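Q: Got start-v2.tsv for you, TSV, C-alpha atoms:
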chain	number	residue	atom	x	y	z
A	262	MET	CA	156.49	196.82	-51.96
A	263	LYS	CA	152.97	197.41	-50.79
A	264	HIS	CA	151.87	194.06	-52.34
A	265	TRP	CA	154.31	191.95	-50.32
A	266	PRO	CA	151.88	191.03	-47.55
A	267	LEU	CA	149.53	189.51	-50.18
A	268	ALA	CA	152.43	187.69	-51.91
A	269	GLY	CA	153.47	186.39	-48.54
A	270	LEU	CA	150.01	184.95	-48.01
A	271	PHE	CA	150.24	182.94	-51.31
A	272	ALA	CA	153.74	181.86	-50.48
A	273	VAL	CA	152.54	180.29	-47.27
A	274	PHE	CA	150.04	178.11	-49.16
A	275	LEU	CA	152.45	177.18	-51.95
A	276	VAL	CA	155.15	175.84	-49.69
A	277	PRO	CA	155.34	172.10	-50.30
A	278	GLY	CA	154.24	170.11	-47.31
A	279	HIS	CA	152.23	172.96	-45.80
A	280	PRO	CA	149.32	171.50	-43.81
A	281	ALA	CA	146.83	173.41	-45.93
A	282	LEU	CA	148.06	171.56	-49.06
A	283	ALA	CA	148.32	168.12	-47.44
A	284	GLN	CA	144.69	168.20	-46.39
A	285	ASN	CA	143.54	168.48	-50.02
A	286	ALA	CA	146.03	166.08	-51.67
A	287	PRO	CA	144.90	162.49	-52.38
A	288	LYS	CA	146.19	160.10	-49.77
A	289	LYS	CA	149.12	158.04	-51.07
A	290	PRO	CA	149.06	154.45	-49.83
A	291	PRO	CA	152.09	153.47	-47.82
A	292	ALA	CA	154.81	151.66	-49.80
A	293	ILE	CA	154.78	147.90	-49.34
A	294	ILE	CA	158.20	146.87	-48.19
A	295	ASN	CA	159.82	143.49	-48.70
A	296	PRO	CA	161.34	143.05	-45.24
A	297	ALA	CA	164.94	142.01	-44.87
A	298	PRO	CA	165.09	138.29	-44.09
A	299	THR	CA	166.03	137.33	-40.59
A	300	ALA	CA	168.51	134.66	-39.58
A	301	GLN	CA	165.50	132.50	-38.70
A	302	ASP	CA	164.06	132.99	-42.23
A	303	TRP	CA	167.29	131.64	-43.70
A	304	ALA	CA	167.40	128.80	-41.17
A	305	ASP	CA	163.82	127.83	-42.02
A	306	LEU	CA	164.83	127.15	-45.62
A	307	GLY	CA	166.76	124.16	-44.30
A	308	LYS	CA	163.48	122.53	-43.28
A	309	LEU	CA	162.23	122.48	-46.88
A	310	PRO	CA	162.73	119.38	-49.05
A	311	ASP	CA	166.01	119.16	-50.93
A	312	TRP	CA	165.40	120.22	-54.54
A	313	SER	CA	169.03	121.13	-55.24
A	314	GLY	CA	170.83	119.92	-58.33
A	315	VAL	CA	169.84	120.18	-61.96
A	316	TRP	CA	166.53	118.80	-63.24
A	317	ASN	CA	166.22	117.59	-66.81
A	318	PRO	CA	162.90	116.61	-68.39
A	319	ASN	CA	161.47	113.24	-69.33
A	320	ILE	CA	160.98	114.02	-73.03
A	321	THR	CA	159.80	110.53	-73.90
A	322	ASP	CA	156.89	110.97	-71.48
A	323	GLN	CA	156.12	114.42	-72.93
A	324	ASP	CA	155.85	112.81	-76.37
A	325	LYS	CA	153.78	109.90	-75.04
A	326	GLN	CA	151.22	112.21	-73.43
A	327	VAL	CA	150.54	113.89	-76.76
A	328	LYS	CA	148.54	110.75	-77.52
A	329	THR	CA	147.66	109.37	-74.08
A	330	ASN	CA	146.63	112.60	-72.33
A	331	PRO	CA	145.74	115.32	-74.82
A	332	PRO	CA	144.25	118.58	-73.57
A	333	PRO	CA	140.44	118.84	-73.86
A	334	TRP	CA	140.68	121.34	-76.73
A	335	ASN	CA	137.50	123.08	-77.80
A	336	ASP	CA	136.45	122.48	-81.40
A	337	LEU	CA	138.21	125.54	-82.79
A	338	ALA	CA	141.50	124.81	-81.05
A	339	ALA	CA	141.26	121.08	-81.86
A	340	GLY	CA	141.02	121.90	-85.56
A	341	LYS	CA	144.12	124.08	-85.41
A	342	ILE	CA	146.08	121.45	-83.48
A	343	LYS	CA	145.06	118.74	-85.96
A	344	GLN	CA	146.34	120.90	-88.82
A	345	MET	CA	149.62	121.52	-87.00
A	346	PHE	CA	150.19	117.81	-86.43
A	347	ALA	CA	149.54	117.20	-90.12
A	348	GLU	CA	152.09	119.87	-91.03
A	349	GLU	CA	154.60	118.40	-88.57
A	350	ARG	CA	154.18	114.91	-90.03
A	351	ALA	CA	154.66	116.37	-93.50
A	352	GLY	CA	157.99	117.87	-92.50
A	353	ALA	CA	156.80	121.47	-92.35
A	354	PRO	CA	156.48	121.99	-88.59
A	355	ARG	CA	154.81	125.18	-87.36
A	356	LEU	CA	157.24	127.48	-85.55
A	357	ILE	CA	155.39	128.04	-82.28
A	358	PHE	CA	158.24	129.77	-80.45
A	359	PHE	CA	159.28	132.01	-83.31
A	360	GLY	CA	161.61	134.89	-82.71
A	361	CYS	CA	163.00	133.23	-79.59
A	362	PHE	CA	159.93	134.18	-77.58
A	363	PRO	CA	159.90	132.18	-74.33
A	364	GLU	CA	158.06	128.89	-74.22
A	365	ALA	CA	156.43	130.65	-71.24
A	366	HIS	CA	154.17	129.22	-68.56
A	367	PRO	CA	152.93	126.52	-68.44
A	368	THR	CA	154.30	125.37	-71.82
A	369	TRP	CA	157.89	125.52	-70.55
A	370	MET	CA	156.98	122.85	-68.00
A	371	LEU	CA	155.13	120.83	-70.66
A	372	VAL	CA	157.51	120.63	-73.63
A	373	THR	CA	160.99	121.78	-72.61
A	374	HIS	CA	163.98	119.79	-73.80
A	375	ASN	CA	166.32	121.61	-71.46
A	376	ALA	CA	167.32	121.49	-67.82
A	377	MET	CA	166.24	123.75	-64.96
A	378	GLU	CA	167.27	124.50	-61.40
A	379	ILE	CA	165.17	125.60	-58.43
A	380	LEU	CA	166.40	128.06	-55.83
A	381	PHE	CA	164.89	128.71	-52.39
A	382	THR	CA	165.33	132.10	-50.73
A	383	PRO	CA	163.20	133.64	-47.96
A	384	GLY	CA	159.77	134.44	-49.36
A	385	ARG	CA	160.45	133.11	-52.82
A	386	VAL	CA	161.10	130.07	-55.01
A	387	THR	CA	162.90	130.82	-58.28
A	388	VAL	CA	162.97	128.48	-61.25
A	389	LEU	CA	165.76	129.09	-63.74
A	390	GLY	CA	165.73	127.39	-67.11
A	391	GLU	CA	168.49	126.74	-69.56
A	392	SER	CA	168.75	127.72	-73.18
A	393	ASP	CA	166.95	131.05	-73.06
A	394	GLY	CA	168.12	134.05	-71.12
A	395	ASN	CA	164.45	134.65	-70.41
A	396	ARG	CA	163.42	131.36	-68.83
A	397	LEU	CA	162.72	132.47	-65.30
A	398	ARG	CA	159.83	131.93	-62.89
A	399	ARG	CA	159.49	133.89	-59.66
A	400	ILE	CA	157.10	132.16	-57.25
A	401	TYR	CA	156.33	134.34	-54.23
A	402	THR	CA	155.89	132.37	-51.02
A	403	ASP	CA	155.66	135.40	-48.72
A	404	GLY	CA	151.88	135.34	-48.53
A	405	ARG	CA	151.23	138.15	-50.99
A	406	PRO	CA	148.09	138.01	-53.17
A	407	HIS	CA	148.00	138.33	-56.95
A	408	PRO	CA	147.96	141.99	-58.09
A	409	ASP	CA	144.65	143.83	-58.06
A	410	VAL	CA	145.46	145.24	-61.47
A	411	PRO	CA	146.77	142.53	-63.81
A	412	ASP	CA	150.04	143.16	-65.63
A	413	PRO	CA	150.27	140.08	-67.86
A	414	THR	CA	153.65	138.54	-68.64
A	415	PHE	CA	154.98	135.42	-70.35
A	416	HIS	CA	155.29	133.54	-67.07
A	417	GLY	CA	152.42	135.23	-65.27
A	418	HIS	CA	152.21	136.10	-61.59
A	419	SER	CA	152.87	133.14	-59.32
A	420	THR	CA	152.19	132.74	-55.63
A	421	GLY	CA	153.05	129.60	-53.72
A	422	HIS	CA	152.73	127.92	-50.37
A	423	TRP	CA	153.98	124.68	-48.88
A	424	GLU	CA	151.65	121.83	-47.99
A	425	GLY	CA	154.05	119.47	-46.30
A	426	ASP	CA	156.79	118.77	-48.84
A	427	THR	CA	154.64	119.89	-51.78
A	428	LEU	CA	154.89	123.39	-53.23
A	429	VAL	CA	151.47	124.52	-54.38
A	430	VAL	CA	151.72	127.25	-57.01
A	431	ASP	CA	148.94	129.42	-58.37
A	432	THR	CA	149.63	131.42	-61.54
A	433	VAL	CA	147.50	134.03	-63.29
A	434	ASP	CA	148.09	137.09	-65.50
A	435	ILE	CA	149.71	135.19	-68.37
A	436	LEU	CA	149.79	137.05	-71.69
A	437	PRO	CA	146.91	135.95	-73.96
A	438	GLU	CA	149.37	135.48	-76.82
A	439	VAL	CA	151.26	132.75	-74.92
A	440	ALA	CA	150.66	129.41	-76.60
A	441	LEU	CA	149.47	126.38	-74.71
A	442	ALA	CA	151.55	123.83	-76.60
A	443	VAL	CA	151.95	120.07	-76.46
A	444	SER	CA	154.99	119.97	-78.73
A	445	GLU	CA	157.40	122.42	-80.33
A	446	ALA	CA	155.09	122.51	-83.36
A	447	ALA	CA	151.57	122.20	-81.92
A	448	GLY	CA	150.02	124.86	-79.72
A	449	VAL	CA	147.49	127.68	-79.79
A	450	PRO	CA	147.35	131.06	-78.04
A	451	ASN	CA	145.54	130.80	-74.71
A	452	ASN	CA	143.59	133.99	-75.56
A	453	GLY	CA	143.42	135.18	-71.96
A	454	ASP	CA	142.16	134.18	-68.51
A	455	MET	CA	144.50	131.18	-68.24
A	456	HIS	CA	144.96	129.94	-64.69
A	457	VAL	CA	147.51	127.30	-63.72
A	458	ILE	CA	147.67	125.39	-60.46
A	459	GLU	CA	150.70	123.21	-59.75
A	460	ARG	CA	151.64	120.78	-57.05
A	461	ILE	CA	155.39	120.25	-57.26
A	462	HIS	CA	156.91	117.46	-55.19
A	463	LEU	CA	159.51	114.71	-55.10
A	464	ALA	CA	158.00	111.46	-56.39
A	465	ASP	CA	161.22	109.62	-55.61
A	466	LYS	CA	164.60	110.58	-54.21
A	467	ASP	CA	165.77	112.05	-57.51
A	468	VAL	CA	162.53	112.39	-59.46
A	469	LEU	CA	160.46	115.57	-59.37
A	470	HIS	CA	156.83	115.69	-60.41
A	471	ASP	CA	154.97	118.81	-61.45
A	472	ASP	CA	151.25	118.01	-61.28
A	473	LEU	CA	149.58	120.71	-63.34
A	474	GLU	CA	145.97	121.73	-63.64
A	475	ILE	CA	145.52	124.13	-66.54
A	476	ILE	CA	142.36	126.18	-66.85
A	477	ALA	CA	142.18	127.96	-70.20
A	478	PRO	CA	138.51	128.75	-70.82
A	479	HIS	CA	138.95	130.14	-74.34
A	480	ILE	CA	140.65	127.05	-75.79
A	481	LEU	CA	139.81	124.14	-73.44
A	482	THR	CA	136.41	122.70	-72.58
A	483	ALA	CA	137.53	121.62	-69.10
A	484	PRO	CA	140.58	121.94	-66.84
A	485	TRP	CA	143.44	119.80	-68.13
A	486	LYS	CA	145.50	117.78	-65.67
A	487	THR	CA	148.94	116.48	-66.54
A	488	THR	CA	152.09	115.50	-64.67
A	489	ARG	CA	155.52	116.41	-65.99
A	490	ILE	CA	158.58	114.50	-64.83
A	491	PHE	CA	162.11	115.75	-64.19
A	492	PHE	CA	165.26	113.79	-63.29
A	493	ARG	CA	167.86	115.08	-60.80
A	494	GLN	CA	171.47	115.28	-61.88
A	495	ARG	CA	174.40	116.16	-59.67
A	496	ALA	CA	177.31	115.53	-62.02
A	497	ARG	CA	178.99	118.85	-62.69
A	498	LYS	CA	178.63	118.46	-66.43
A	499	PHE	CA	174.89	119.03	-65.91
A	500	ASP	CA	175.41	122.50	-64.42
A	501	ILE	CA	173.17	125.01	-66.17
A	502	VAL	CA	174.99	127.03	-68.80
A	503	GLU	CA	174.03	130.36	-70.29
A	504	GLY	CA	171.96	130.07	-73.41
A	505	VAL	CA	170.95	133.07	-75.46
A	506	CYS	CA	168.42	131.87	-78.02
A	507	VAL	CA	168.87	134.76	-80.42
A	508	GLU	CA	172.56	133.89	-80.77
A	509	GLY	CA	171.40	131.17	-83.13
A	510	ASP	CA	170.48	133.87	-85.64
A	511	TYR	CA	174.12	134.86	-85.96
A	512	SER	CA	177.57	133.50	-86.69
A	513	GLU	CA	180.78	134.63	-85.04
A	514	ARG	CA	183.05	136.34	-87.50
A	515	ILE	CA	185.99	138.80	-87.56
A	516	ASP	CA	185.28	141.90	-89.64
A	517	ALA	CA	187.64	144.02	-91.76
A	518	ASN	CA	188.60	146.05	-88.66
A	519	GLY	CA	189.63	142.94	-86.80
A	520	ASP	CA	186.61	143.14	-84.48
A	521	HIS	CA	184.85	140.01	-83.32
A	522	VAL	CA	181.26	140.45	-84.49
A	523	PHE	CA	178.02	138.57	-85.03
A	524	VAL	CA	176.68	138.38	-88.58
A	525	PRO	CA	173.23	137.07	-89.56
A	526	THR	CA	172.88	133.37	-90.31
A	527	PRO	CA	170.12	132.05	-92.55
A	528	ARG	CA	167.15	130.20	-91.09
A	529	THR	CA	164.18	128.63	-92.79
A	530	GLU	CA	160.55	129.42	-92.06
A	531	TRP	CA	160.54	126.38	-89.77
A	532	GLY	CA	163.46	127.66	-87.72
A	533	ASN	CA	166.14	125.20	-88.80
A	534	ILE	CA	169.42	126.43	-90.23
A	535	GLU	CA	169.36	127.05	-93.98
A	536	ALA	CA	171.27	124.40	-95.93
A	537	PRO	CA	173.03	124.89	-99.25
A	538	HIS	CA	171.10	124.08	-102.42
A	539	LYS	CA	172.32	121.16	-104.48
B	261	MET	CA	197.67	124.34	-97.04
B	262	LYS	CA	195.39	123.10	-99.78
B	263	GLN	CA	193.10	121.75	-97.07
B	264	ILE	CA	193.00	125.13	-95.28
B	265	LEU	CA	192.15	126.92	-98.53
B	266	LYS	CA	189.29	124.50	-99.13
B	267	VAL	CA	187.93	125.13	-95.65
B	268	ALA	CA	188.26	128.91	-96.06
B	269	THR	CA	186.41	128.77	-99.36
B	270	ALA	CA	183.62	126.68	-97.86
B	271	LEU	CA	183.35	129.02	-94.87
B	272	ALA	CA	182.97	131.99	-97.22
B	273	LEU	CA	180.23	130.11	-99.08
B	274	PHE	CA	178.51	129.27	-95.80
B	275	GLY	CA	178.63	132.94	-94.81
B	276	SER	CA	177.17	134.01	-98.14
B	277	LEU	CA	173.98	132.08	-97.34
B	278	ALA	CA	173.16	134.87	-94.91
B	279	LEU	CA	172.32	137.32	-97.68
B	280	GLY	CA	168.65	138.25	-97.77
B	281	VAL	CA	167.72	136.18	-94.75
B	282	THR	CA	164.73	137.16	-92.63
B	283	SER	CA	163.83	134.05	-90.66
B	284	VAL	CA	164.78	133.75	-87.03
B	285	ALA	CA	166.10	131.16	-84.66
B	286	ALA	CA	163.91	129.46	-82.13
B	287	HIS	CA	163.24	126.20	-80.41
B	288	HIS	CA	161.75	124.19	-83.20
B	289	SER	CA	160.56	120.75	-84.16
B	290	SER	CA	162.96	118.61	-86.18
B	291	THR	CA	160.47	116.96	-88.51
B	292	MET	CA	161.91	118.84	-91.49
B	293	TYR	CA	164.48	116.04	-91.27
B	294	ASP	CA	163.53	112.51	-92.31
B	295	HIS	CA	164.42	110.56	-89.18
B	296	SER	CA	163.56	107.26	-90.87
B	297	LYS	CA	166.69	107.60	-93.02
B	298	THR	CA	170.35	107.62	-92.09
B	299	MET	CA	173.08	108.73	-94.48
B	300	THR	CA	176.82	109.10	-93.97
B	301	ILE	CA	179.06	111.88	-95.18
B	302	LYS	CA	182.86	111.82	-95.12
B	303	GLY	CA	184.76	115.09	-95.27
B	304	VAL	CA	186.43	117.87	-93.35
B	305	VAL	CA	184.98	120.24	-90.78
B	306	VAL	CA	184.36	123.78	-91.99
B	307	GLU	CA	182.87	125.19	-88.82
B	308	LEU	CA	181.28	124.12	-85.55
B	309	ARG	CA	178.77	126.79	-84.43
B	310	TRP	CA	178.49	126.20	-80.69
B	311	VAL	CA	175.38	128.29	-80.03
B	312	ASN	CA	171.89	128.06	-78.59
B	313	PRO	CA	169.34	126.90	-79.25
B	314	HIS	CA	170.82	124.61	-81.91
B	315	VAL	CA	174.46	123.79	-82.54
B	316	SER	CA	175.38	123.30	-86.19
B	317	LEU	CA	178.29	121.71	-88.00
B	318	SER	CA	179.23	122.49	-91.58
B	319	ILE	CA	181.25	119.91	-93.48
B	320	ASN	CA	182.85	119.88	-96.89
B	321	GLY	CA	182.44	116.28	-97.93
B	322	THR	CA	180.95	113.53	-100.04
B	323	LEU	CA	178.31	110.86	-99.67
B	324	ASN	CA	180.05	108.53	-102.12
B	325	ASP	CA	183.70	107.93	-102.96
B	326	GLY	CA	184.88	109.73	-106.05
B	327	GLU	CA	182.40	112.61	-105.85
B	328	ALA	CA	183.48	116.24	-105.67
B	329	PRO	CA	183.24	117.55	-102.09
B	330	GLU	CA	180.29	119.83	-101.37
B	331	LEU	CA	179.22	121.89	-98.38
B	332	TRP	CA	176.68	120.26	-96.04
B	333	VAL	CA	175.16	121.70	-92.85
B	334	MET	CA	174.13	119.54	-89.91
B	335	GLU	CA	171.94	120.70	-87.03
B	336	MET	CA	171.84	119.43	-83.45
B	337	THR	CA	170.35	120.23	-80.04
B	338	SER	CA	171.71	122.87	-77.64
B	339	PRO	CA	175.31	122.99	-76.37
B	340	GLY	CA	174.22	122.03	-72.84
B	341	ASN	CA	172.35	118.97	-74.03
B	342	LEU	CA	175.20	117.89	-76.32
B	343	VAL	CA	177.66	118.05	-73.41
B	344	ARG	CA	175.42	115.85	-71.26
B	345	ALA	CA	173.91	113.47	-73.74
B	346	GLY	CA	176.70	113.10	-76.25
B	347	GLY	CA	179.93	113.94	-74.48
B	348	TRP	CA	180.56	116.96	-76.70
B	349	ARG	CA	182.88	119.89	-76.05
B	350	ARG	CA	183.15	123.25	-77.73
B	351	ASP	CA	186.48	122.00	-79.12
B	352	ALA	CA	185.19	118.54	-80.06
B	353	VAL	CA	186.19	119.32	-83.63
B	354	LYS	CA	188.03	122.15	-85.33
B	355	PRO	CA	188.12	123.35	-88.95
B	356	GLY	CA	190.03	120.94	-91.13
B	357	ASP	CA	189.44	117.85	-88.96
B	358	ARG	CA	188.56	114.76	-90.99
B	359	VAL	CA	185.17	113.42	-89.90
B	360	GLU	CA	182.48	110.90	-90.72
B	361	VAL	CA	178.95	111.94	-89.86
B	362	ASP	CA	175.79	109.86	-89.72
B	363	PHE	CA	172.71	112.02	-90.21
B	364	SER	CA	169.03	112.13	-91.12
B	365	PRO	CA	168.66	114.21	-94.27
B	366	LEU	CA	166.33	117.12	-94.91
B	367	ARG	CA	163.11	115.99	-96.54
B	368	ASP	CA	163.80	118.69	-99.11
B	369	ALA	CA	166.10	116.65	-101.34
B	370	ASP	CA	167.31	119.80	-103.10
B	371	LYS	CA	169.24	120.90	-100.05
B	372	ARG	CA	172.39	119.54	-98.45
B	373	GLY	CA	171.44	119.46	-94.78
B	374	GLY	CA	170.59	117.05	-92.02
B	375	ALA	CA	170.15	116.27	-88.34
B	376	LEU	CA	173.41	114.86	-86.98
B	377	LYS	CA	173.15	111.51	-85.22
B	378	ARG	CA	176.78	110.47	-84.75
B	379	LEU	CA	180.14	112.08	-85.39
B	380	LEU	CA	183.43	110.20	-85.75
B	381	VAL	CA	186.64	112.23	-85.63
B	382	VAL	CA	188.77	110.10	-87.95
B	383	ASP	CA	192.25	110.88	-86.63
B	384	SER	CA	191.45	110.64	-82.89
B	385	GLY	CA	188.77	107.98	-83.11
B	386	GLU	CA	186.52	110.02	-80.79
B	387	VAL	CA	182.77	109.54	-81.23
B	388	PHE	CA	180.06	112.04	-80.30
B	389	THR	CA	176.32	111.40	-80.38
B	390	ALA	CA	173.29	113.67	-80.16
B	391	ASN	CA	170.39	111.75	-78.64
B	392	LEU	CA	168.60	113.91	-76.06
B	393	ARG	CA	166.77	110.97	-74.58
B	394	GLU	CA	169.97	109.42	-73.26
B	395	GLN	CA	169.56	111.76	-70.26
B	396	GLU	CA	166.28	110.27	-69.09
B	397	ARG	CA	167.27	108.85	-65.75
B	398	PRO	CA	168.61	110.45	-62.57
B	399	GLY	CA	172.12	110.42	-61.22
B	400	LEU	CA	173.98	110.27	-64.53
B	401	GLU	CA	177.74	110.74	-64.60
Could you spell out this file's structure in structure tokens?
A:
Amino acid sequence: MKHWPLAGLFAVFLVPGHPALAQNAPKKPPAIINPAPTAQDWADLGKLPDWSGVWNPNITDQDKQVKTNPPPWNDLAAGKIKQMFAEERAGAPRLIFFGCFPEAHPTWMLVTHNAMEILFTPGRVTVLGESDGNRLRRIYTDGRPHPDVPDPTFHGHSTGHWEGDTLVVDTVDILPEVALAVSEAAGVPNNGDMHVIERIHLADKDVLHDDLEIIAPHILTAPWKTTRIFFRQRARKFDIVEGVCVEGDYSERIDANGDHVFVPTPRTEWGNIEAPHK
Amino acid sequence: MKQILKVATALALFGSLALGVTSVAAHHSSTMYDHSKTMTIKGVVVELRWVNPHVSLSINGTLNDGEAPELWVMEMTSPGNLVRAGGWRRDAVKPGDRVEVDFSPLRDADKRGGALKRLLVVDSGEVFTANLREQERPGLE
């Protein structure tokens, strides 16, 4: 019992939140809060240009630019691309997006064969693509900077601001493994430090242009500028539908227990479905 | 009944192709098909696989009259694109339907596969196509 006063002294200092402890603890920065949008924030969205509807790509122009506007590949990348085109012409196309990895940014914008939609909410523009559950771009328009500590992802970290009716998007922190591709069978990993600047705007009432400037210092000798074209559709049959890429690896079957199940389906090394041998 | 048995047998054969498979699906180029050639197969539908990223159609049929029917597999673009560009539906065809299919064959002449260009459902007369580039203008209906 005689030791209690000493124990009491320790207890005072061990109590969480005691001023004596707080003085020595590292200062925790205050949490950054995304504020709840106001009625005015929602109303302001109405002043933005109308990008509603579904946008499908001009694939013919994508193909044309392979020849008319190739990226300024460095020698190493150019050699790889040349080999890939040779393989593609020979009927053995390289599988750039193997394993259903996303086409990612900016290649999604460059080579997609599928539609997308663009949603405006306060502080953000969201681009949703079809045919992969993982085609999604979040473009923050709330004035935030890029992160101090990079956390690379397939679509990178995008900030945006409006210059008139043009959305200017700046994207960094893209995974180095993400391929910069000009077709589904020709592309090389960007190998890090890729930076993409876009100016997205209506070129006509129902035609959207994405003017891209792609800076990829490990594979390009200079920034590459290209414009990608999308057509607006409003017919309901164009509504975006769910597309889970990996579903293509499986067939729907009913097993011995009567359960509806997926079973593996054969694919070739090039990604097409395996056909029966003659 | 005989027709149903044939389809069931072909479906079992199609399923057996899965054994020992390691490759994976993905968005891929279609140059494994020879797009400079068009062939036509007549037969019956075994299965329509209405999945992303590439729909496929297996058919038990023949290239020439008098041949024994064999299983062929045709590949196409995604369901969404087929709906828009070619007027397809998930129920466009069902197992056992008689069809005629125009396709570009695999360059590997040892395999019975192709890229579907045009499908005719014989009994209804419905035609479905698969050309992505038919969507390249705004305001389509």
Q: Which value, in Å to one decimal, gives the distance between CA of Phe346 (chain A) and CA of Ala447 (chain A)?
A: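 If I compute the distance from CA of Phe346 (chain A) to CA of Ala447 (chain A), I get 6.4 Å.
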Q: Here is a test: counting only C-alpha atoms, which residue of B:His288, B:His314, B:Arg393, B:His295 is nearest to Arg344 (chain B)?
A: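 Distance minimum relative to Arg344 (chain B) lands on B:Arg393.
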Q: Taking all atoms listed in the file into account, produce a table as a tab-separated table in which each residue of chain A with an atom at most 8 Å from an atom of chain B appears once, together with its shortest atom pair and the distance in Å to one decimal, ordered by chain and rising number.
A:
residue	atom	partner	partner_atom	distance
A:Asn317	CA	B:Gln395	CA	7.6
A:Pro318	CA	B:Glu396	CA	7.2
A:Asn319	CA	B:Glu396	CA	5.7
A:Ile320	CA	B:Arg393	CA	6.7
A:Thr321	CA	B:Arg393	CA	7.0
A:Glu349	CA	B:Thr291	CA	6.0
A:Arg350	CA	B:Thr291	CA	6.8
A:Ala351	CA	B:Thr291	CA	7.7
A:Gly352	CA	B:Met292	CA	4.2
A:Ala353	CA	B:Met292	CA	5.8
A:Pro354	CA	B:Ser289	CA	6.1
A:Arg355	CA	B:Ser289	CA	7.9
A:Leu356	CA	B:His288	CA	6.1
A:Ile357	CA	B:His288	CA	7.5
A:Phe358	CA	B:Ala286	CA	5.9
A:Phe359	CA	B:Ala286	CA	5.4
A:Gly360	CA	B:Val284	CA	5.5
A:Cys361	CA	B:Ala286	CA	4.6
A:Phe362	CA	B:Ala286	CA	7.7
A:His374	CA	B:Leu392	CA	7.8
A:Asn375	CA	B:Asn341	CA	7.1
A:Ser392	CA	B:Pro313	CA	6.2
A:Asp393	CA	B:Pro313	CA	7.8
A:Ser444	CA	B:Ser289	CA	7.8
A:Glu445	CA	B:Ser289	CA	5.2
A:Ala446	CA	B:Ser289	CA	5.8
A:Asp467	CA	B:Pro398	CA	6.0
A:Val468	CA	B:Pro398	CA	7.1
A:Phe492	CA	B:Pro398	CA	4.8
A:Arg493	CA	B:Pro398	CA	5.0
A:Gln494	CA	B:Gly399	CA	4.9
A:Arg495	CA	B:Gly399	CA	6.4
A:Ala496	CA	B:Glu401	CA	5.5
A:Lys498	CA	B:Arg344	CA	6.4
A:Phe499	CA	B:Arg344	CA	6.2
A:Ile501	CA	B:Gly340	CA	7.4
A:Val502	CA	B:Gly340	CA	6.5
A:Gly504	CA	B:Asn312	CA	5.6
A:Val505	CA	B:Asn312	CA	6.0
A:Cys506	CA	B:Asn312	CA	5.2
A:Val507	CA	B:Ala285	CA	6.2
A:Glu508	CA	B:Asn312	CA	6.3
A:Gly509	CA	B:Ala285	CA	5.5
A:Asp510	CA	B:Ala285	CA	5.2
A:Ser512	CA	B:Arg309	CA	7.2
A:Pro525	CA	B:Ala278	CA	5.8
A:Thr526	CA	B:Ala278	CA	4.8
A:Pro527	CA	B:Ala278	CA	4.8
A:Arg528	CA	B:Ser283	CA	5.1
A:Thr529	CA	B:Ser283	CA	5.8
A:Glu530	CA	B:Ser283	CA	5.8
A:Trp531	CA	B:His288	CA	7.0
A:Gly532	CA	B:Ala285	CA	5.3
A:Asn533	CA	B:His288	CA	7.2
A:Ile534	CA	B:Glu335	CA	7.0
A:Glu535	CA	B:Leu277	CA	7.6
A:Ala536	CA	B:Gly373	CA	5.1
A:Pro537	CA	B:Arg372	CA	5.4
A:His538	CA	B:Lys371	CA	4.4
A:Lys539	CA	B:Asp370	CA	5.4
Q: Around region 340-343 of chain B, fit a box with edges along x, y and z, padding it by 3 Å on each side, then list its centre and edge lengths in Å to one decimal as JSON.
A:
{"center_x": 175.0, "center_y": 120.0, "center_z": -74.6, "size_x": 11.3, "size_y": 10.1, "size_z": 9.5}
Q: Using Å and a single decimal, report how far CA of Glu378 (chain A) sits from CA of Arg405 (chain A).
A: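 Between these atoms lies a distance of 23.5 Å.
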Q: Using only C-alpha atoms, which residues sit within 12 Å of Gly384 (chain A) once same-chain residues fewer than 5 positions away are excluded, as an mmCIF file with C-alpha atoms, keeping the file's coordinate frame?
A:
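Contents of part-v7.cif, as written:
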data_model
loop_
_atom_site.group_PDB
_atom_site.id
_atom_site.type_symbol
_atom_site.label_atom_id
_atom_site.label_comp_id
_atom_site.auth_asym_id
_atom_site.auth_seq_id
_atom_site.Cartn_x
_atom_site.Cartn_y
_atom_site.Cartn_z
ATOM 1 C CA ASN A 295 159.820 143.490 -48.700
ATOM 2 C CA PRO A 296 161.340 143.050 -45.240
ATOM 3 C CA ALA A 297 164.940 142.010 -44.870
ATOM 4 C CA PRO A 298 165.090 138.290 -44.090
ATOM 5 C CA THR A 299 166.030 137.330 -40.590
ATOM 6 C CA ASP A 302 164.060 132.990 -42.230
ATOM 7 C CA TRP A 303 167.290 131.640 -43.700
ATOM 8 C CA ASP A 305 163.820 127.830 -42.020
ATOM 9 C CA LEU A 306 164.830 127.150 -45.620
ATOM 10 C CA ARG A 399 159.490 133.890 -59.660
ATOM 11 C CA ILE A 400 157.100 132.160 -57.250
ATOM 12 C CA TYR A 401 156.330 134.340 -54.230
ATOM 13 C CA THR A 402 155.890 132.370 -51.020
ATOM 14 C CA ASP A 403 155.660 135.400 -48.720
ATOM 15 C CA GLY A 404 151.880 135.340 -48.530
ATOM 16 C CA ARG A 405 151.230 138.150 -50.990
ATOM 17 C CA THR A 420 152.190 132.740 -55.630
ATOM 18 C CA GLY A 421 153.050 129.600 -53.720
ATOM 19 C CA HIS A 422 152.730 127.920 -50.370
ATOM 20 C CA TRP A 423 153.980 124.680 -48.880
#
